[in-house]
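Asks: So here's final_8.csv (CSV, C-alpha atoms).
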```
chain,number,residue,atom,x,y,z
A,1,MET,CA,0.0,0.0,0.0
A,2,VAL,CA,1.5,3.3,-1.1
A,3,LYS,CA,0.8,6.2,1.2
A,4,ILE,CA,0.3,9.5,-0.6
A,5,LEU,CA,0.5,13.2,0.6
A,6,MET,CA,-1.7,15.2,-1.8
A,7,HIS,CA,-0.1,18.6,-2.4
A,8,GLY,CA,-2.9,20.9,-3.7
A,9,CYS,CA,-5.6,18.6,-2.5
A,10,ASN,CA,-8.4,21.1,-2.7
A,11,GLY,CA,-7.8,22.1,-6.3
A,12,LYS,CA,-9.7,20.5,-9.2
A,13,MET,CA,-7.0,17.9,-9.9
A,14,GLY,CA,-6.4,17.3,-6.2
A,15,GLN,CA,-10.0,16.3,-5.8
A,16,VAL,CA,-10.0,14.1,-8.9
A,17,ILE,CA,-7.0,12.3,-7.5
A,18,THR,CA,-8.7,12.0,-4.1
A,19,ASN,CA,-11.6,10.2,-5.7
A,20,ILE,CA,-9.4,7.9,-7.8
A,21,VAL,CA,-7.3,6.9,-4.8
A,22,SER,CA,-10.4,6.2,-2.7
A,23,GLU,CA,-11.2,3.4,-5.2
A,24,ASP,CA,-7.6,2.1,-5.5
A,25,GLU,CA,-6.7,-0.8,-3.3
A,26,HIS,CA,-3.0,-0.2,-3.7
A,27,SER,CA,-2.8,3.4,-2.6
A,28,VAL,CA,-4.2,5.7,0.1
A,29,ILE,CA,-4.0,9.5,0.8
A,30,THR,CA,-3.0,9.9,4.4
A,31,ALA,CA,-2.9,13.7,4.4
A,32,GLY,CA,-3.2,16.7,2.1
A,33,VAL,CA,-1.7,20.2,1.8
A,34,ASP,CA,-3.6,23.2,0.6
A,35,ALA,CA,-3.7,26.9,1.4
A,36,TRP,CA,-7.5,26.8,1.0
A,37,ASP,CA,-9.5,24.9,3.5
A,38,GLY,CA,-13.0,25.2,2.0
A,39,ILE,CA,-13.4,21.5,1.2
A,40,LYS,CA,-14.0,18.7,3.7
A,41,ASN,CA,-11.8,15.7,3.0
A,42,ASP,CA,-11.5,12.3,4.6
A,43,TYR,CA,-7.9,13.0,5.6
A,44,PRO,CA,-6.3,15.9,7.5
A,45,VAL,CA,-5.2,18.9,5.5
A,46,TYR,CA,-2.2,21.1,6.4
A,47,LYS,CA,-0.9,24.5,5.2
A,48,SER,CA,2.5,23.0,4.3
A,49,VAL,CA,4.4,19.8,3.9
A,50,ALA,CA,6.5,20.7,6.9
A,51,ASP,CA,3.3,20.8,9.1
A,52,CYS,CA,2.2,17.2,8.1
A,53,LYS,CA,2.2,14.8,11.1
A,54,GLU,CA,1.0,11.7,9.1
A,55,ASP,CA,3.2,9.1,7.6
A,56,TYR,CA,3.5,8.9,3.8
A,57,ASP,CA,5.7,7.5,1.1
A,58,VAL,CA,5.4,10.0,-1.8
A,59,ILE,CA,4.0,13.4,-2.6
A,60,ILE,CA,1.8,14.1,-5.6
A,61,ASP,CA,1.8,17.8,-6.5
A,62,PHE,CA,-1.0,19.4,-8.5
A,63,SER,CA,-0.8,22.9,-7.1
A,64,ASN,CA,0.6,26.1,-8.7
A,65,ALA,CA,4.1,27.4,-9.6
A,66,SER,CA,4.2,29.7,-6.6
A,67,ALA,CA,4.0,26.8,-4.2
A,68,VAL,CA,6.7,24.7,-5.8
A,69,ASP,CA,9.8,26.3,-4.2
A,70,ALA,CA,8.5,25.6,-0.7
A,71,LEU,CA,7.5,22.1,-1.7
A,72,LEU,CA,10.9,21.2,-3.0
A,73,GLU,CA,12.6,22.5,0.2
A,74,ASP,CA,10.2,20.6,2.5
A,75,ALA,CA,10.4,17.4,0.4
A,76,VAL,CA,14.2,17.4,0.5
A,77,ALA,CA,14.1,18.1,4.3
A,78,VAL,CA,12.0,15.0,4.9
A,79,GLY,CA,13.5,12.9,2.2
A,80,LYS,CA,10.3,12.1,0.3
A,81,PRO,CA,9.9,11.6,-3.5
A,82,ILE,CA,7.6,13.9,-5.5
A,83,VAL,CA,5.4,13.3,-8.5
A,84,LEU,CA,5.6,16.9,-9.8
A,85,CYS,CA,2.6,17.7,-12.0
A,86,THR,CA,2.5,21.5,-11.6
A,87,THR,CA,3.3,23.3,-14.9
A,88,GLY,CA,4.4,26.8,-15.8
A,89,LEU,CA,7.7,26.6,-13.8
A,90,SER,CA,10.3,29.3,-14.5
A,91,GLU,CA,13.8,28.4,-15.6
A,92,LEU,CA,15.0,29.2,-12.0
A,93,GLN,CA,12.5,26.8,-10.6
A,94,LEU,CA,13.5,24.1,-13.1
A,95,SER,CA,17.0,24.5,-11.9
A,96,LYS,CA,15.8,24.0,-8.3
A,97,VAL,CA,14.0,20.8,-9.4
A,98,GLU,CA,17.2,19.6,-10.9
A,99,GLU,CA,19.1,20.4,-7.7
A,100,ALA,CA,16.5,18.7,-5.5
A,101,SER,CA,16.6,15.6,-7.7
A,102,LYS,CA,20.2,15.0,-6.5
A,103,LYS,CA,18.7,14.3,-3.1
A,104,ILE,CA,15.2,12.9,-3.7
A,105,ALA,CA,13.4,11.1,-6.6
A,106,ILE,CA,11.2,13.3,-8.7
A,107,VAL,CA,8.9,12.3,-11.5
A,108,ARG,CA,8.2,15.1,-13.9
A,109,SER,CA,6.5,15.0,-17.3
A,110,ALA,CA,4.9,17.4,-19.6
A,111,ASN,CA,1.8,15.2,-19.6
A,112,MET,CA,0.9,12.6,-17.0
A,113,SER,CA,-1.5,10.7,-19.4
A,114,ILE,CA,-0.4,7.0,-19.8
A,115,GLY,CA,-1.8,7.1,-23.4
A,116,ILE,CA,0.2,10.2,-24.4
A,117,ASN,CA,3.4,8.8,-23.0
A,118,PHE,CA,2.9,5.5,-24.8
A,119,ILE,CA,2.3,7.5,-28.1
A,120,MET,CA,5.7,9.3,-27.5
A,121,LYS,CA,7.4,5.9,-27.7
A,122,LEU,CA,5.5,5.1,-30.9
A,123,LEU,CA,6.4,8.4,-32.5
A,124,LYS,CA,10.1,7.8,-32.0
A,125,GLU,CA,9.9,4.6,-34.0
A,126,ALA,CA,7.6,6.1,-36.6
A,127,ALA,CA,9.8,9.1,-37.2
A,128,LYS,CA,12.9,6.9,-37.7
A,129,ARG,CA,11.1,4.7,-40.2
A,130,LEU,CA,8.9,7.2,-42.1
A,131,SER,CA,10.9,10.5,-42.2
A,132,PRO,CA,13.7,8.9,-44.3
A,133,GLU,CA,11.0,7.7,-46.7
A,134,GLY,CA,9.9,11.3,-47.4
A,135,PHE,CA,7.0,11.6,-45.0
A,136,ASP,CA,6.3,15.1,-43.8
A,137,ILE,CA,5.3,15.5,-40.1
A,138,GLU,CA,2.7,17.8,-38.7
A,139,ILE,CA,1.1,18.1,-35.3
A,140,VAL,CA,-2.4,19.6,-34.7
A,141,GLU,CA,-3.6,20.1,-31.2
A,142,LYS,CA,-7.1,21.2,-30.0
A,143,HIS,CA,-8.1,22.5,-26.6
A,144,HIS,CA,-10.9,24.4,-24.9
A,145,ASN,CA,-11.4,28.2,-25.3
A,146,GLN,CA,-10.1,28.9,-21.8
A,147,LYS,CA,-6.6,27.6,-22.5
A,148,VAL,CA,-4.2,30.5,-22.7
A,149,ASP,CA,-0.9,28.9,-24.0
A,150,ALA,CA,-0.5,27.7,-27.6
A,151,PRO,CA,0.8,25.4,-28.7
A,152,SER,CA,0.1,23.1,-25.8
A,153,GLY,CA,3.0,21.7,-23.7
A,154,THR,CA,1.9,18.2,-24.8
A,155,ALA,CA,2.2,19.1,-28.5
A,156,LEU,CA,5.7,20.4,-27.9
A,157,ALA,CA,6.6,17.2,-25.9
A,158,LEU,CA,5.3,15.1,-28.9
A,159,ALA,CA,7.4,17.2,-31.2
A,160,ASP,CA,10.4,16.8,-28.9
A,161,SER,CA,10.1,13.1,-28.8
A,162,ILE,CA,10.2,13.0,-32.7
A,163,ASN,CA,13.1,15.4,-32.9
A,164,ASP,CA,15.1,13.5,-30.2
A,165,ALA,CA,14.7,10.4,-32.3
A,166,MET,CA,16.0,12.2,-35.3
A,167,ASP,CA,19.0,13.9,-33.6
A,168,GLY,CA,17.4,17.3,-33.7
A,169,ALA,CA,17.0,17.4,-37.5
A,170,PHE,CA,13.6,19.3,-37.5
A,171,GLU,CA,12.8,23.0,-37.1
A,172,TYR,CA,9.5,23.7,-35.5
A,173,VAL,CA,7.2,26.0,-37.6
A,174,TYR,CA,4.2,27.5,-35.8
A,175,ASP,CA,2.8,29.9,-38.4
A,176,ARG,CA,3.1,29.9,-42.2
A,177,SER,CA,0.7,32.8,-42.8
A,178,GLU,CA,3.4,35.3,-43.4
A,179,VAL,CA,5.8,33.1,-45.5
A,180,ARG,CA,4.9,32.2,-49.0
A,181,GLN,CA,7.2,29.4,-49.9
A,182,LYS,CA,7.1,25.6,-50.2
A,183,ARG,CA,7.3,23.4,-47.2
A,184,ASP,CA,10.9,22.5,-46.3
A,185,LYS,CA,11.5,18.8,-45.7
A,186,LYS,CA,13.0,19.6,-42.3
A,187,GLU,CA,10.0,21.5,-41.0
A,188,LEU,CA,7.8,20.0,-38.3
A,189,GLY,CA,4.6,22.0,-38.3
A,190,ILE,CA,2.7,22.6,-35.0
A,191,SER,CA,-0.9,24.1,-35.2
A,192,ALA,CA,-3.2,25.0,-32.4
A,193,VAL,CA,-7.1,25.1,-32.3
A,194,ARG,CA,-9.0,26.7,-29.5
A,195,GLY,CA,-12.8,26.3,-29.0
A,196,GLY,CA,-15.6,25.1,-26.8
A,197,SER,CA,-14.9,22.6,-24.0
A,198,ILE,CA,-12.4,20.4,-25.8
A,199,VAL,CA,-10.4,18.7,-23.1
A,200,GLY,CA,-7.5,17.9,-25.4
A,201,GLU,CA,-6.9,16.3,-28.8
A,202,HIS,CA,-3.6,15.7,-30.5
A,203,ASP,CA,-3.1,14.4,-34.0
A,204,VAL,CA,0.4,13.6,-35.3
A,205,ILE,CA,0.2,13.4,-39.1
A,206,PHE,CA,2.8,11.6,-41.2
A,207,ALA,CA,2.0,12.6,-44.8
A,208,GLY,CA,3.7,10.7,-47.6
A,209,ILE,CA,3.1,10.4,-51.3
A,210,ASP,CA,-0.4,8.9,-51.8
A,211,GLU,CA,-0.7,7.8,-48.1
A,212,VAL,CA,-1.2,9.4,-44.7
A,213,ILE,CA,-0.7,7.9,-41.3
A,214,THR,CA,-2.3,9.7,-38.3
A,215,ILE,CA,-1.6,8.9,-34.7
A,216,SER,CA,-4.3,10.4,-32.5
A,217,HIS,CA,-5.0,10.9,-28.8
A,218,THR,CA,-8.2,12.3,-27.3
A,219,ALA,CA,-8.7,13.2,-23.7
A,220,TYR,CA,-12.3,13.0,-22.6
A,221,SER,CA,-11.6,14.2,-19.0
A,222,LYS,CA,-8.8,15.4,-16.8
A,223,ALA,CA,-9.0,12.1,-14.9
A,224,ILE,CA,-6.5,10.6,-17.3
A,225,PHE,CA,-3.8,12.9,-15.9
A,226,ALA,CA,-4.8,12.0,-12.3
A,227,LYS,CA,-4.6,8.3,-13.1
A,228,GLY,CA,-1.2,8.7,-14.5
A,229,SER,CA,0.0,10.6,-11.5
A,230,VAL,CA,-1.2,7.8,-9.1
A,231,THR,CA,0.6,5.2,-11.3
A,232,ALA,CA,3.8,7.4,-11.1
A,233,ALA,CA,3.4,7.7,-7.3
A,234,LYS,CA,3.4,3.9,-7.0
A,235,TYR,CA,6.4,3.7,-9.2
A,236,VAL,CA,8.6,6.3,-7.6
A,237,ALA,CA,8.0,5.4,-3.9
A,238,GLY,CA,11.3,4.0,-2.7
A,239,LYS,CA,13.3,4.9,-5.8
A,240,PRO,CA,16.8,6.5,-5.4
A,241,ALA,CA,17.3,10.2,-6.0
A,242,GLY,CA,17.1,11.4,-9.6
A,243,ILE,CA,14.8,12.8,-12.3
A,244,TYR,CA,12.3,10.3,-13.8
A,245,ASP,CA,9.6,10.8,-16.4
A,246,MET,CA,6.6,8.8,-17.5
A,247,SER,CA,8.7,6.8,-20.0
A,248,ASP,CA,10.5,5.4,-16.9
A,249,VAL,CA,7.1,4.7,-15.2
A,250,LEU,CA,5.8,2.8,-18.3
A,251,ASP,CA,9.0,0.7,-18.9
```
Mind turning this structure into structure tokens?

Replies:
Amino acid sequence: MVKILMHGCNGKMGQVITNIVSEDEHSVITAGVDAWDGIKNDYPVYKSVADCKEDYDVIIDFSNASAVDALLEDAVAVGKPIVLCTTGLSELQLSKVEEASKKIAIVRSANMSIGINFIMKLLKEAAKRLSPEGFDIEIVEKHHNQKVDAPSGTALALADSINDAMDGAFEYVYDRSEVRQKRDKKELGISAVRGGSIVGEHDVIFAGIDEVITISHTAYSKAIFAKGSVTAAKYVAGKPAGIYDMSDVLD
């Protein structure tokens, strides 16, 4: 049984994870941390990790960037691993994550979805096989109309998985509207669509001569990210210090 401290327990994702863990026989949330106490949970909630009195094996973090510095300091102090799901970290914070990983285990991924991370593995192989055969590669991502960043972090992670497999051969192109020229073979196009309540859709298109292969992923709810974080928590509990990602979790 993996004991979890839920950091950001009263946020939307914190509550989704709370519900998922309540039905999981292999994990339990023993305590939570949140600055807001407006939700009644079945476990005690503290203002900080340092205040927590309950025993736990791993911290799952779905909070906000402003809370990450204190989280890293407290986790290092108590020697507990973190599944770090909060996005929007600054370069300085990322360097602090790297420094903390020398002392504790940290799982960090651009997307916690098991499906997305499996697709990243497929894309590496597909790019190595299809790009040399002349297939152009394009990524189209779709999200709800409240999402402020474009392209999505997941789209960039998909592009990076392809580019890593091809030794950085591709240049990312986000907007062709101001350039009137033929597509270069080393372009990797990334397009964003915003509308309605789309949770998240990503299509990776391999377009060849007279044939097209599309690898697609559709998220129907944010629960997929919560499930992935719980799987990661079970994986990283007891692991030695270092940075891990979802590819390690799925191996």

Asks: When distances are computed from only C-alpha atoms, which of A:Met6, A:Val78, A:Leu122, A:Ala70 shows the smallest separation from Ile104 in chain A?

Replies: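 Nearest candidate to Ile104 in chain A out of A:Met6, A:Val78, A:Leu122, A:Ala70: A:Val78.
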
Asks: What is the distance, in Å and to one decimal place, between CA of Asn111 in chain A and CA of Pro151 in chain A?

Replies: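 Separating CA of Asn111 in chain A from CA of Pro151 in chain A is a distance of 13.7 Å.
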
Asks: Pick the closest to Lys80 in chain A from A:Ser66, A:Gln146, A:Ser177, A:Ser101: which is it, counting all atoms listed in the file?

Replies: A:Ser101

Asks: Which is closer to Asp245 in chain A than all the others in A:Ser229, A:Asn19, A:Thr30, A:Ser221, using all atoms listed in the file?

Replies: A:Ser229

Asks: Extract, using all atoms listed in the file, all DNA, RNA and protein residues at most 12 Å from range 50-52 of chain A, discarding same-chain residues fewer than 2 positions from it, and format them as a compact mmCIF listing (two decimals) with C-alpha atoms, keeping the file's coordinate frame.

Replies:
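Written file, part.txt:
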```
# COMPACT_ATOMS: atom_id res chain seq x y z
CA ILE A 4 0.30 9.50 -0.60
CA LEU A 5 0.50 13.20 0.60
CA MET A 6 -1.70 15.20 -1.80
CA HIS A 7 -0.10 18.60 -2.40
CA THR A 30 -3.00 9.90 4.40
CA ALA A 31 -2.90 13.70 4.40
CA GLY A 32 -3.20 16.70 2.10
CA VAL A 33 -1.70 20.20 1.80
CA ASP A 34 -3.60 23.20 0.60
CA TYR A 43 -7.90 13.00 5.60
CA PRO A 44 -6.30 15.90 7.50
CA VAL A 45 -5.20 18.90 5.50
CA TYR A 46 -2.20 21.10 6.40
CA LYS A 47 -0.90 24.50 5.20
CA SER A 48 2.50 23.00 4.30
CA GLU A 54 1.00 11.70 9.10
CA ASP A 55 3.20 9.10 7.60
CA TYR A 56 3.50 8.90 3.80
CA ILE A 59 4.00 13.40 -2.60
CA ALA A 70 8.50 25.60 -0.70
CA LEU A 71 7.50 22.10 -1.70
CA LEU A 72 10.90 21.20 -3.00
CA GLU A 73 12.60 22.50 0.20
CA ASP A 74 10.20 20.60 2.50
CA ALA A 75 10.40 17.40 0.40
CA VAL A 76 14.20 17.40 0.50
CA ALA A 77 14.10 18.10 4.30
CA VAL A 78 12.00 15.00 4.90
CA GLY A 79 13.50 12.90 2.20
CA LYS A 80 10.30 12.10 0.30
```

Asks: To one decimal place in Å, what is the distance between CA of Ser216 in chain A and CA of Leu158 in chain A?

Replies: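 Distance reported for this atom pair: 11.3 Å.
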
Asks: Which of these, A:Ala192, A:Val28, A:Ile114, A:Ile162, has the shortest distance to Ala232 in chain A once you count all atoms listed in the file?

Replies: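 Among A:Ala192, A:Val28, A:Ile114, A:Ile162, it is A:Ile114 that comes nearest to Ala232 in chain A.
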
Asks: Measure the distance from CA of Ala233 in chain A to CA of Ala219 in chain A in Å and round it to one decimal.

Replies: 21.1 Å

Asks: Around the point (0.2, 23.9, -27.6) in the file's coordinates, collect all residues with an atom within 12 Å, using only C-alpha atoms, and return them as a PyMOL selection string.

Replies: chain A and resi 110-111+139-144+147-159+174+189-194+200-203

Asks: Write the residues of the preceding selection, restricted to C-alpha atoms, as a tab-separated table (two decimals), in the coordinates of the input.

Replies:
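The new file part32.tsv reads:
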```
chain	number	residue	atom	x	y	z
A	110	ALA	CA	4.90	17.40	-19.60
A	111	ASN	CA	1.80	15.20	-19.60
A	139	ILE	CA	1.10	18.10	-35.30
A	140	VAL	CA	-2.40	19.60	-34.70
A	141	GLU	CA	-3.60	20.10	-31.20
A	142	LYS	CA	-7.10	21.20	-30.00
A	143	HIS	CA	-8.10	22.50	-26.60
A	144	HIS	CA	-10.90	24.40	-24.90
A	147	LYS	CA	-6.60	27.60	-22.50
A	148	VAL	CA	-4.20	30.50	-22.70
A	149	ASP	CA	-0.90	28.90	-24.00
A	150	ALA	CA	-0.50	27.70	-27.60
A	151	PRO	CA	0.80	25.40	-28.70
A	152	SER	CA	0.10	23.10	-25.80
A	153	GLY	CA	3.00	21.70	-23.70
A	154	THR	CA	1.90	18.20	-24.80
A	155	ALA	CA	2.20	19.10	-28.50
A	156	LEU	CA	5.70	20.40	-27.90
A	157	ALA	CA	6.60	17.20	-25.90
A	158	LEU	CA	5.30	15.10	-28.90
A	159	ALA	CA	7.40	17.20	-31.20
A	174	TYR	CA	4.20	27.50	-35.80
A	189	GLY	CA	4.60	22.00	-38.30
A	190	ILE	CA	2.70	22.60	-35.00
A	191	SER	CA	-0.90	24.10	-35.20
A	192	ALA	CA	-3.20	25.00	-32.40
A	193	VAL	CA	-7.10	25.10	-32.30
A	194	ARG	CA	-9.00	26.70	-29.50
A	200	GLY	CA	-7.50	17.90	-25.40
A	201	GLU	CA	-6.90	16.30	-28.80
A	202	HIS	CA	-3.60	15.70	-30.50
A	203	ASP	CA	-3.10	14.40	-34.00
```

Asks: From the list A:Phe170, A:Phe225, A:Phe206, A:Phe62, which residue is nearest Asp184 in chain A when using all atoms listed in the file?

Replies: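 So, comparing all the options, the nearest one is A:Phe170.
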
Asks: So that I can check the surroundings of Gly134 in chain A, please list as a ChimeraX atom specification every protein, DNA and RNA residue that reaches within 10 Å of it, counting all atoms listed in the file and ignoring chain neighbours fewer than 4 positions away.

Replies: /A:129-130,185,206-209

Asks: Closest to Val107 in chain A among A:Ile60, A:Ile243, A:Leu250, A:Ala223, using only C-alpha atoms?

Replies: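 When distances to Val107 in chain A are compared using only C-alpha atoms, the smallest one comes from A:Ile243.
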
Asks: Taking 5 positions as the minimum chain separation for residues in the same chain, which residues sit within 9 Å of Ala237 in chain A when counting all atoms listed in the file? Answer as a PyMOL selection string.

Replies: chain A and resi 2-3+57-58+80-82+105+232

Asks: Using all atoms listed in the file, what residues lie at most 12 Å away from (-11.1, 10.9, -6.7) (file coordinates), given as an MDAnalysis selection string?

Replies: chainID A and resid 6 9:24 27:29 41:42 222:227 230

Asks: Let me see the file: selected residues, C-alpha atoms, as a PDB file, keeping the file's coordinate frame.

Replies:
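part.pdb written:
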```pdb
ATOM      1  CA  MET A   6      -1.700  15.200  -1.800  1.00  0.00           C
ATOM      2  CA  CYS A   9      -5.600  18.600  -2.500  1.00  0.00           C
ATOM      3  CA  ASN A  10      -8.400  21.100  -2.700  1.00  0.00           C
ATOM      4  CA  GLY A  11      -7.800  22.100  -6.300  1.00  0.00           C
ATOM      5  CA  LYS A  12      -9.700  20.500  -9.200  1.00  0.00           C
ATOM      6  CA  MET A  13      -7.000  17.900  -9.900  1.00  0.00           C
ATOM      7  CA  GLY A  14      -6.400  17.300  -6.200  1.00  0.00           C
ATOM      8  CA  GLN A  15     -10.000  16.300  -5.800  1.00  0.00           C
ATOM      9  CA  VAL A  16     -10.000  14.100  -8.900  1.00  0.00           C
ATOM     10  CA  ILE A  17      -7.000  12.300  -7.500  1.00  0.00           C
ATOM     11  CA  THR A  18      -8.700  12.000  -4.100  1.00  0.00           C
ATOM     12  CA  ASN A  19     -11.600  10.200  -5.700  1.00  0.00           C
ATOM     13  CA  ILE A  20      -9.400   7.900  -7.800  1.00  0.00           C
ATOM     14  CA  VAL A  21      -7.300   6.900  -4.800  1.00  0.00           C
ATOM     15  CA  SER A  22     -10.400   6.200  -2.700  1.00  0.00           C
ATOM     16  CA  GLU A  23     -11.200   3.400  -5.200  1.00  0.00           C
ATOM     17  CA  ASP A  24      -7.600   2.100  -5.500  1.00  0.00           C
ATOM     18  CA  SER A  27      -2.800   3.400  -2.600  1.00  0.00           C
ATOM     19  CA  VAL A  28      -4.200   5.700   0.100  1.00  0.00           C
ATOM     20  CA  ILE A  29      -4.000   9.500   0.800  1.00  0.00           C
ATOM     21  CA  ASN A  41     -11.800  15.700   3.000  1.00  0.00           C
ATOM     22  CA  ASP A  42     -11.500  12.300   4.600  1.00  0.00           C
ATOM     23  CA  LYS A 222      -8.800  15.400 -16.800  1.00  0.00           C
ATOM     24  CA  ALA A 223      -9.000  12.100 -14.900  1.00  0.00           C
ATOM     25  CA  ILE A 224      -6.500  10.600 -17.300  1.00  0.00           C
ATOM     26  CA  PHE A 225      -3.800  12.900 -15.900  1.00  0.00           C
ATOM     27  CA  ALA A 226      -4.800  12.000 -12.300  1.00  0.00           C
ATOM     28  CA  LYS A 227      -4.600   8.300 -13.100  1.00  0.00           C
ATOM     29  CA  VAL A 230      -1.200   7.800  -9.100  1.00  0.00           C
TER      30      VAL A 230
END
```

Asks: Which residues are close to Asp251 in chain A, i.e. within 12 Å by all atoms listed in the file, leaving aside same-chain residues fewer than 3 positions away? Reply as a list of chain:residue names.

Replies: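 Neighbouring residues, sequence-local ones excluded: A:Ile114, A:Asn117, A:Phe118, A:Lys121, A:Ala232, A:Tyr235, A:Tyr244, A:Asp245, A:Met246, A:Ser247, A:Asp248.
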
Asks: With a distance cut-off of 8 Å and all atoms listed in the file, select the neighbouring residues of Gly88 in chain A, excluding the residue or stretch itself and same-chain residues fewer than 2 positions from it, and output the selection as a PDB file with C-alpha atoms, in the coordinates of the input.

Replies:
```
ATOM      1  CA  ALA A  65       4.100  27.400  -9.600  1.00  0.00           C
ATOM      2  CA  THR A  86       2.500  21.500 -11.600  1.00  0.00           C
ATOM      3  CA  SER A  90      10.300  29.300 -14.500  1.00  0.00           C
TER       4      SER A  90
END
```
